[in-house]
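Following: one structure in structure tokens, then a few remarks.
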Amino acid sequence: MTLRFKYWPLIVLMLLSVQVQAQQNAKTFLVSAVELSESDPSVIVLHVGTSSDEFTSQHIRGARFLDLNRIAPSSETTQRDLPAVDSLVAAFEQVGVSDQSRVVLYDTGNGLSAARAFFTLDIIGFGNAALLDGGFAAWASGAFPIGTGPSPSVFQGSITAQFNPDLVRTASQVQEELSSHYLIDARSAGEYSGETPGNTITRGGHIPGAARLDSSSHLQEDGLFKPLEALVELYKDADGKPTIVYCRTGMKASQSYFVARMLGLDVAMYDGSFFDWSNQTEYDVEKGN
């Protein structure tokens, strides 16, 4: 009993350290609609989506359209995988992003597309991006200015790419690190168990040993992120361990990646995710909860 109480101060100190780190990161990684409305006009606001028509119909006034398909394309053999670094850099430069830019990302859905863009910027070494908390819905509900029409013409940006391969994992790397890393599966319960595998999944289930943490658990009913204390609690089992996140195609896992980064965790993404894993029969699949 004495030993147990002996280590309580250290445990408490570690938990406080995580929360302090998360609070500091949140100031950089998350921007409220009010804060964005009061921000410097030089801030580049990117509307991330797959439909330019959607952008044309309504968007945050002054925002620029970033096509998700440019940074996370799909084909018959891949689903939302990262293209070559040069292509990623070009996609952001063409909407005016440069090394010195401050970028705020949003989408009109549940934040997955914006989180994917955040992850992509991390990959190419751009470290000054944030998500708009609550996305377009939060902006619209605050009665802030809405724009219409096409994306504005902007000067070409210039990004000095510093690709960080440590932030991405392949199937073989995941296999090698199953015993040394904490794996988070960001999919639904049915996808995780294999009962409802999802489109394009050939073998239902999950990567052996992965813990399920549906990305929807990050958000409140109003679409805003939960308080930091709640997010820290969700990720408490990952604290202090190198972590790998995945989902079906890398979209839901992008939000898991964002939250883990905000909490100061050592995190990487299995970009091919379960679409890739399930199609390679040399890797085991675990069923059930």
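A note on labels: chains of the structure tokens are A, B, ... as shown, every chain counts residues from 1, and ligands are counted from 1 in their shown order.
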Within 12 Å of range 273-275 of chain A using only C-alpha atoms, minus same-chain residues under 3 positions, as JSON, numbers by chain: {"A": [74, 76, 77, 78, 79, 80, 81, 82, 168, 169, 170, 171, 172, 174, 183, 184, 185, 186, 187, 191, 192, 194, 197, 198, 199, 200, 201, 202, 203, 204, 205, 206, 207, 208, 210, 244, 245, 246, 247, 248, 249, 250, 251, 252, 253, 254, 268, 269, 270, 278, 279, 280, 281, 283, 284, 285, 286]}
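Between Val267 in chain A and the candidates A:Ala33, A:Leu167, A:Gly209, A:Phe225, the tightest atom-to-atom separation, counting only C-alpha atoms, involves A:Leu167.
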Selection near Asn110 in chain A, 10 Å with only C-alpha atoms, sequence-local residues under 3 positions removed, as a PDB file with N, CA and C atoms, in the first residue's frame:
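Here's the written file part_8.pdb:
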ATOM      1  N   TYR A 106     -11.014  24.496 -42.718  1.00  0.00           N
ATOM      2  CA  TYR A 106     -12.357  24.102 -42.302  1.00  0.00           C
ATOM      3  C   TYR A 106     -13.016  23.324 -43.430  1.00  0.00           C
ATOM      4  N   ASP A 107     -14.119  22.647 -43.101  1.00  0.00           N
ATOM      5  CA  ASP A 107     -14.950  22.018 -44.117  1.00  0.00           C
ATOM      6  C   ASP A 107     -16.409  22.178 -43.716  1.00  0.00           C
ATOM      7  N   SER A 113     -12.246  16.327 -43.510  1.00  0.00           N
ATOM      8  CA  SER A 113     -11.476  16.850 -44.647  1.00  0.00           C
ATOM      9  C   SER A 113     -10.468  17.900 -44.187  1.00  0.00           C
ATOM     10  N   ALA A 114     -10.899  18.757 -43.269  1.00  0.00           N
ATOM     11  CA  ALA A 114      -9.987  19.766 -42.735  1.00  0.00           C
ATOM     12  C   ALA A 114      -8.851  19.109 -41.972  1.00  0.00           C
ATOM     13  N   ALA A 115      -9.165  18.065 -41.200  1.00  0.00           N
ATOM     14  CA  ALA A 115      -8.130  17.355 -40.449  1.00  0.00           C
ATOM     15  C   ALA A 115      -7.154  16.667 -41.394  1.00  0.00           C
ATOM     16  N   GLY A 134     -15.521  23.459 -35.057  1.00  0.00           N
ATOM     17  CA  GLY A 134     -16.915  23.440 -35.466  1.00  0.00           C
ATOM     18  C   GLY A 134     -17.125  23.656 -36.950  1.00  0.00           C
ATOM     19  N   GLY A 135     -16.060  23.979 -37.677  1.00  0.00           N
ATOM     20  CA  GLY A 135     -16.141  24.119 -39.119  1.00  0.00           C
ATOM     21  C   GLY A 135     -17.084  25.217 -39.580  1.00  0.00           C
ATOM     22  N   PHE A 136     -17.578  25.065 -40.801  1.00  0.00           N
ATOM     23  CA  PHE A 136     -18.439  26.091 -41.396  1.00  0.00           C
ATOM     24  C   PHE A 136     -19.709  26.313 -40.582  1.00  0.00           C
ATOM     25  N   ALA A 137     -20.233  25.247 -39.968  1.00  0.00           N
ATOM     26  CA  ALA A 137     -21.468  25.375 -39.193  1.00  0.00           C
ATOM     27  C   ALA A 137     -21.295  26.355 -38.040  1.00  0.00           C
ATOM     28  N   SER A 215     -13.699   8.181 -34.269  1.00  0.00           N
ATOM     29  CA  SER A 215     -13.377   9.607 -34.371  1.00  0.00           C
ATOM     30  C   SER A 215     -14.555  10.495 -33.972  1.00  0.00           C
ATOM     31  N   SER A 216     -15.787   9.969 -34.066  1.00  0.00           N
ATOM     32  CA  SER A 216     -16.950  10.767 -33.686  1.00  0.00           C
ATOM     33  C   SER A 216     -16.957  11.104 -32.199  1.00  0.00           C
ATOM     34  N   LEU A 219     -16.091  14.814 -30.805  1.00  0.00           N
ATOM     35  CA  LEU A 219     -16.930  15.987 -30.981  1.00  0.00           C
ATOM     36  C   LEU A 219     -18.154  15.985 -30.072  1.00  0.00           C
ATOM     37  N   GLY A 223     -20.930  19.879 -32.822  1.00  0.00           N
ATOM     38  CA  GLY A 223     -19.851  19.806 -33.796  1.00  0.00           C
ATOM     39  C   GLY A 223     -18.539  20.371 -33.325  1.00  0.00           C
ATOM     40  N   LEU A 224     -18.520  21.007 -32.166  1.00  0.00           N
ATOM     41  CA  LEU A 224     -17.272  21.518 -31.603  1.00  0.00           C
ATOM     42  C   LEU A 224     -16.509  20.373 -30.946  1.00  0.00           C
ATOM     43  N   LYS A 252     -11.068   9.404 -41.237  1.00  0.00           N
ATOM     44  CA  LYS A 252     -11.398   9.494 -39.822  1.00  0.00           C
ATOM     45  C   LYS A 252     -10.131   9.491 -38.980  1.00  0.00           C
ATOM     46  N   GLN A 255      -8.505  12.884 -38.221  1.00  0.00           N
ATOM     47  CA  GLN A 255      -8.966  13.627 -37.049  1.00  0.00           C
ATOM     48  C   GLN A 255      -8.349  13.053 -35.773  1.00  0.00           C
TER      49      GLN A 255
END
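Those residues that approach His59 in chain A to within 8 Å, counting only C-alpha atoms, are His47, Phe136, Ile146, Gly147 and Thr148 of chain A; same-chain residues fewer than 6 positions away are not listed.
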Can you tell me which residues surround Ala129 in chain A at a distance of at most 8 Å, considering only C-alpha atoms, apart from same-chain residues fewer than 3 positions away, and format the answer as a PyMOL selection string? chain A and resi 28-29+102-105+118+121+126
Just N, CA and C atoms for this one: save the residues we selected as a PDB file, in the first residue's frame.
ATOM      1  N   THR A  28      -2.740  26.925 -30.573  1.00  0.00           N
ATOM      2  CA  THR A  28      -2.180  26.979 -31.920  1.00  0.00           C
ATOM      3  C   THR A  28      -2.996  26.174 -32.910  1.00  0.00           C
ATOM      4  N   PHE A  29      -3.511  25.009 -32.472  1.00  0.00           N
ATOM      5  CA  PHE A  29      -4.140  24.052 -33.375  1.00  0.00           C
ATOM      6  C   PHE A  29      -5.623  24.280 -33.598  1.00  0.00           C
ATOM      7  N   ARG A 102       0.058  31.814 -42.120  1.00  0.00           N
ATOM      8  CA  ARG A 102      -0.759  31.213 -41.067  1.00  0.00           C
ATOM      9  C   ARG A 102      -2.016  30.704 -41.763  1.00  0.00           C
ATOM     10  N   VAL A 103      -2.344  29.418 -41.588  1.00  0.00           N
ATOM     11  CA  VAL A 103      -3.434  28.782 -42.320  1.00  0.00           C
ATOM     12  C   VAL A 103      -4.486  28.257 -41.347  1.00  0.00           C
ATOM     13  N   VAL A 104      -5.742  28.538 -41.644  1.00  0.00           N
ATOM     14  CA  VAL A 104      -6.867  27.974 -40.892  1.00  0.00           C
ATOM     15  C   VAL A 104      -7.703  27.149 -41.852  1.00  0.00           C
ATOM     16  N   LEU A 105      -7.985  25.923 -41.463  1.00  0.00           N
ATOM     17  CA  LEU A 105      -8.664  24.948 -42.314  1.00  0.00           C
ATOM     18  C   LEU A 105     -10.066  24.659 -41.786  1.00  0.00           C
ATOM     19  N   PHE A 118      -4.744  19.204 -42.470  1.00  0.00           N
ATOM     20  CA  PHE A 118      -3.792  19.464 -41.387  1.00  0.00           C
ATOM     21  C   PHE A 118      -2.693  18.412 -41.378  1.00  0.00           C
ATOM     22  N   LEU A 121      -0.290  18.935 -44.280  1.00  0.00           N
ATOM     23  CA  LEU A 121       0.662  20.020 -44.039  1.00  0.00           C
ATOM     24  C   LEU A 121       1.753  19.579 -43.066  1.00  0.00           C
ATOM     25  N   PHE A 126       5.050  21.820 -42.810  1.00  0.00           N
ATOM     26  CA  PHE A 126       4.459  23.133 -42.580  1.00  0.00           C
ATOM     27  C   PHE A 126       3.801  23.118 -41.202  1.00  0.00           C
TER      28      PHE A 126
END
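Among the residues of range 50-85 of chain A, backbone DSSP assigns helix (DSSP H, G or I) to A:Ser52, A:Asp53, A:Glu54, A:Phe55, A:Thr56, A:Ser57, A:Leu68, A:Asn69, A:Arg70, A:Ile71, A:Val85.
Considering the residues A:Val97, A:Val85, A:Ala90, A:Ala211 and counting only C-alpha atoms, Pro165 in chain A has its shortest atom-to-atom contact with A:Val85.
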Name the residues in contact with Gln156 in chain A at a cut-off of 9 Å, using only C-alpha atoms, excluding same-chain residues fewer than 4 positions from it; report them as a ChimeraX atom specification. /A:93-98
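CA of Phe258 in chain A sits 12.9 Å away from CA of Leu228 in chain A.
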Write out as a list in words all residues of range 29-155 of chain A that DSSP puts in strand (DSSP E or B) for this structure's backbone. Leu30, Val31, Ile44, Val45, Leu46, His47, Val48, Gly49, His59, Ile60, Arg64, Phe65, Leu66, Asp67, Val103, Val104, Leu105, Tyr106, Ala129, Ala130, Leu131, Leu132, Ile146 and Gly147 of chain A
For Leu66 in chain A, work out the shell of residues within 7 Å, counting only C-alpha atoms and skipping chain neighbours fewer than 5 positions away, then give it as a PyMOL selection string. chain A and resi 46-49
